[in-house]
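Asks: Sharing a structure below in structure tokens format, with a few things to ask.
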Amino acid sequence: MYYKETIRQMYDIGVGSLMIIFVVNIFIGAVTAVQFIYQLQGTMIPRYYIGYIVRDMAIIELAVTFTSIILAGKVGSNIASEIGGMRQKEHIDAMEIMGVNTSSYLVLPKLIAALIVIPILVSVAAIVSISGGYFATVAEGSFSNEEFIKGIRSFFNKQNVVMMYVKSFVFAYILSSIACYQGYFVKGGSIELGQASTRAVVYGIIVILIADYIIAVLLTG
Amino acid sequence: MIRAEQIFKSFGDQKVLKGIDFTFEASKTNLIIGKSGAGKTVLLKILVGLLDPTKGSVWYDDKNLVTLTKKELLELRMQVGMLFQGNALFDSLSVEENIRFPMDMFTRKTLQEKRKQVDYCLERVNMEGINSKYPSEISGGMQKRVGIARAIVLNPKYLFADEPNSGLDPKTAITIDALLSEITDEQKITTIINTHDMNSVMEIGENICLLHEGRLAWQGNKDEVLENTNEILENFIFASPFLQKLKTRALANPDNSVKGYNAI
């Protein structure tokens, strides 16, 4: 039962979020490239640095943070509503009567699914974001393919990828656990359920940003 | 047998239960009745362990529910089935999956054995052939029956039902009452039903506990209901103008010849 539920959650979080992750990250990459071309105009910095900047911005910060914030909204509110709805419809009470450990049965599969799927989504987001930068520069014609690729391959530091995955695991845990907590302990009716869902998103985003800063300080210090 | 001993329950300053002492007899249909707000649901939730009493104990034969360890509580829960007011069927699961859920969680039976048990339970509640339907595709009465089927799938020793007739038409409500009563007799279950439906009281009330403002106001069985002199019970039973009229007419006819009142 736990296995099936985990697979269902993985599908919901993963496949269900692919489209929005794709759309957001392709534009983030494109905007990053366009903005930096503008910022670096008239400086002595080589043009191929744009590829390098887009890559590192995506890997270190934008792909992981934006993706997690989007998922805090999409997945966080979904989890809080799902569990909160079950609380209100007495589904959780029914499971308790049957002897099911509801906190484990309802929370654990969601937590595990988020910890597995969100790092994968973040990886996809980073690739899509870099591709966005590529399309906005090379495909648009202002950059040559070689220039951009050279930038992407320059100054590569594996530590940045480690940082991306550390962040993605931490953010996945934060957004799913806060959402589960808000849903599980909801009291009252539909208004309170809506409020719990909103709290799941707001608290999730705030805690993710705080954790982002702490991880950045710890792993770059 | 389940015994509530000096049960008190407060939510903040609000005292909901004020010292309930009552024995719910084994292999009988026990009813908790009373007006809305009398504390019926709170008492039922305490009996089943969903709420802790502020003071008092709940005895399942010789086990005190309040002091059980987690392991002992889990063992006890395996012997408990419950039908919820809103049915509490899982929307994303089919009827069969809903009924199978407790077996999936706690038994090592094969899928075939589980299906056989599901079919037996569905047959018992006269709902054969709806295995693949989803809760949203069946009526409220059918959902109640499926809820009963799920509650009895592990052959419980204790069966609880919270307002089983709410939202049902009178005829379906009578059918559900009869079903609960039959299952109680057949399987020798200790059944506790929380209701304010007078039909239930008169049809299946083998042991009745009337709550009023958080206290036990009367206890007895369906045969004793009409012969009682308890004012609170009287007001509860004859709450509707129709029944009051019948009662007045019956009292005006000492030979008890008023049609309808005798039927009650």
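By order in the structure tokens, chains are A, B, ...; within a chain, residues start at 1; ligands start at 1, following the order shown.
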Quick check: residues of chain B within 6 Å of chain A, only C-alpha atoms, returned as an NGL selection string.

Replies: :B and (74 or 77 or 88)

Asks: What's around B:Glu128 at 12 Å? Count only C-alpha atoms, leave out sequence neighbours fewer than 5 positions away in its own chain, and write the answer as a list in words.

Replies: Val95, Glu96, Lys116, Val118, Asp119, Tyr120, Cys121, Leu122, Glu123, Lys133, Met142, Arg145, Val146 and Ala149 of chain B

Asks: Find the residue from A:Gly141, A:Leu106, A:Ile60, A:Gly221 that sits nearest to A:Ala80; use only C-alpha atoms when measuring.

Replies: A:Leu106

Asks: In Å, rounded to a single decimal, give me how far atom CA of B:Leu83 is from atom CA of B:Glu97.

Replies: 16.4 Å

Asks: Need the shell around stretch 46-52 of chain B: protein/DNA/RNA residues with any atom at most 9 Å away, counting only C-alpha atoms. Skip same-chain ones fewer than 6 positions apart. Format as a list in words?

Replies: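 Neighbouring residues, sequence-local ones excluded: Asp93, Glu96 and Ile97 of chain A; Ile2, Arg3, Ala4, Ile7, Lys9, Val58, Trp59, Leu65, Val66, Leu73, Arg77, Val80, Met82 and Phe160 of chain B.
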
Asks: Next, dump the selected residues to file, keeping only C-alpha atoms, as a compact mmCIF listing (two decimals), in the first residue's frame.

Replies:
```
# COMPACT_ATOMS: atom_id res chain seq x y z
CA ASP A 93 -10.56 9.13 11.49
CA GLU A 96 -7.27 5.60 12.68
CA ILE A 97 -10.17 3.33 13.65
CA ILE B 2 -18.03 -1.88 26.54
CA ARG B 3 -18.33 0.15 29.72
CA ALA B 4 -18.03 3.91 30.01
CA ILE B 7 -16.57 9.97 31.46
CA LYS B 9 -14.96 15.72 28.50
CA VAL B 58 -13.57 3.13 28.75
CA TRP B 59 -13.47 -0.62 29.31
CA LEU B 65 -8.86 1.87 26.38
CA VAL B 66 -7.44 4.98 28.00
CA LEU B 73 -4.51 -0.31 20.99
CA ARG B 77 -8.55 -1.61 16.71
CA VAL B 80 -13.40 -2.54 15.75
CA MET B 82 -17.00 1.89 12.26
CA PHE B 160 -19.82 1.63 15.83
```

Asks: Could you name the residues that touch stretch 112-119 of chain A at 6 Å or less, counting only C-alpha atoms, but leaving out those on the same chain fewer than 6 positions away, as a list in words?

Replies: Thr6, Gln9, Met10, Gly14, Ser168, Phe169 and Ala172 of chain A

Asks: Please dump the current selection as a PDB file, in the first residue's frame; keep C-alpha atoms.

Replies:
```
ATOM      1  CA  THR A   6       4.469   6.533  -3.175  1.00  0.00           C
ATOM      2  CA  GLN A   9       2.579  10.668  -5.462  1.00  0.00           C
ATOM      3  CA  MET A  10       5.743  10.501  -7.580  1.00  0.00           C
ATOM      4  CA  GLY A  14       6.755  14.614 -11.240  1.00  0.00           C
ATOM      5  CA  SER A 168      16.855  20.392  -4.005  1.00  0.00           C
ATOM      6  CA  PHE A 169      16.725  17.708  -1.275  1.00  0.00           C
ATOM      7  CA  ALA A 172      11.805  19.092  -1.254  1.00  0.00           C
TER       8      ALA A 172
END
```

Asks: Report, in Å to a single decimal, how far apart atom CA of A:Val54 and atom CA of A:Gly151 are.

Replies: 8.8 Å

Asks: Tell me, as a ChimeraX atom specification, which residues lie within 12 Å of A:Ile214, counting only C-alpha atoms; anything in the same chain fewer than 5 positions away does not count.

Replies: /A:163,166-167,170-171,207-209,219-221

Asks: Using the selection just defined, write its residues with C-alpha atoms as a PDB file, in the first residue's frame.

Replies:
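Heads up, here's the output in out20.pdb:
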```pdb
ATOM      1  CA  MET A 163      25.074  22.410  -4.064  1.00  0.00           C
ATOM      2  CA  VAL A 166      21.745  19.600  -1.569  1.00  0.00           C
ATOM      3  CA  LYS A 167      19.348  22.490  -2.084  1.00  0.00           C
ATOM      4  CA  VAL A 170      16.373  20.279   1.499  1.00  0.00           C
ATOM      5  CA  PHE A 171      13.732  22.268  -0.383  1.00  0.00           C
ATOM      6  CA  VAL A 207      11.385  28.706   4.701  1.00  0.00           C
ATOM      7  CA  ILE A 208      12.822  27.704   1.306  1.00  0.00           C
ATOM      8  CA  LEU A 209      14.317  31.187   0.849  1.00  0.00           C
ATOM      9  CA  LEU A 219      28.565  25.638   1.052  1.00  0.00           C
ATOM     10  CA  THR A 220      30.372  28.636  -0.350  1.00  0.00           C
ATOM     11  CA  GLY A 221      32.071  29.816   2.822  1.00  0.00           C
TER      12      GLY A 221
END
```

Asks: Return as JSON lines the residues of stretch 135-158 of chain A lying at most 9 Å from stretch 43-50 of chain A, together with the closest atom-to-atom pair for each and the distance in Å to one decimal, counting only C-alpha atoms, with rows in chain order and ascending residue number.

Replies:
```
{"residue": "A:Phe143", "atom": "CA", "partner": "A:Arg47", "partner_atom": "CA", "distance": 8.4}
{"residue": "A:Glu146", "atom": "CA", "partner": "A:Tyr48", "partner_atom": "CA", "distance": 8.6}
{"residue": "A:Glu147", "atom": "CA", "partner": "A:Tyr48", "partner_atom": "CA", "distance": 4.9}
{"residue": "A:Phe148", "atom": "CA", "partner": "A:Tyr48", "partner_atom": "CA", "distance": 5.6}
{"residue": "A:Ile149", "atom": "CA", "partner": "A:Tyr48", "partner_atom": "CA", "distance": 8.0}
{"residue": "A:Lys150", "atom": "CA", "partner": "A:Tyr48", "partner_atom": "CA", "distance": 6.3}
{"residue": "A:Gly151", "atom": "CA", "partner": "A:Tyr48", "partner_atom": "CA", "distance": 4.7}
{"residue": "A:Ile152", "atom": "CA", "partner": "A:Tyr49", "partner_atom": "CA", "distance": 8.1}
{"residue": "A:Ser154", "atom": "CA", "partner": "A:Tyr49", "partner_atom": "CA", "distance": 8.2}
```

Asks: For the alpha helix (DSSP H) assignment from backbone DSSP, which residues of stretch 45-234 of chain B qualify? Please present them as a ChimeraX atom specification.

Replies: /B:45-48,70-77,95-106,111-124,140-152,170-187,198-204,222-225,231-234

Asks: For B:Asp197, which residue among B:Cys209, B:Ile237, B:Val16, B:Leu159 is the nearest when counting only C-alpha atoms?

Replies: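 Residue with the minimum atom-to-atom distance to B:Asp197: B:Ile237.
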
Asks: Excluding B:Arg124 and residues on its chain fewer than 5 positions from it, collect all residues at most 12 Å away from it, counting only C-alpha atoms, and give them as a ChimeraX atom specification.

Replies: /B:117-119,145-146,148-150,152-153,176,179-180,182-183,186-187

Asks: Just the residues within 8 Å of B:Ser94, please, counting only C-alpha atoms, with nothing from its chain fewer than 6 positions along; format it as a PDB file with N, CA and C atoms, in the first residue's frame.

Replies:
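In the end it all went to around38.pdb:
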```pdb
ATOM      1  N   ASN B 131     -18.582  -3.737  -7.442  1.00  0.00           N
ATOM      2  CA  ASN B 131     -17.156  -3.706  -7.040  1.00  0.00           C
ATOM      3  C   ASN B 131     -16.350  -2.609  -7.720  1.00  0.00           C
ATOM      4  N   SER B 132     -16.595  -2.418  -9.010  1.00  0.00           N
ATOM      5  CA  SER B 132     -15.725  -1.503  -9.756  1.00  0.00           C
ATOM      6  C   SER B 132     -16.212  -0.047  -9.744  1.00  0.00           C
ATOM      7  N   LYS B 133     -17.371   0.170  -9.134  1.00  0.00           N
ATOM      8  CA  LYS B 133     -17.896   1.549  -9.109  1.00  0.00           C
ATOM      9  C   LYS B 133     -17.118   2.384  -8.090  1.00  0.00           C
ATOM     10  N   TYR B 134     -17.158   3.694  -8.286  1.00  0.00           N
ATOM     11  CA  TYR B 134     -16.509   4.608  -7.339  1.00  0.00           C
ATOM     12  C   TYR B 134     -17.580   5.227  -6.431  1.00  0.00           C
ATOM     13  N   PRO B 135     -17.204   5.656  -5.230  1.00  0.00           N
ATOM     14  CA  PRO B 135     -18.217   6.207  -4.302  1.00  0.00           C
ATOM     15  C   PRO B 135     -19.079   7.292  -4.938  1.00  0.00           C
TER      16      PRO B 135
END
```
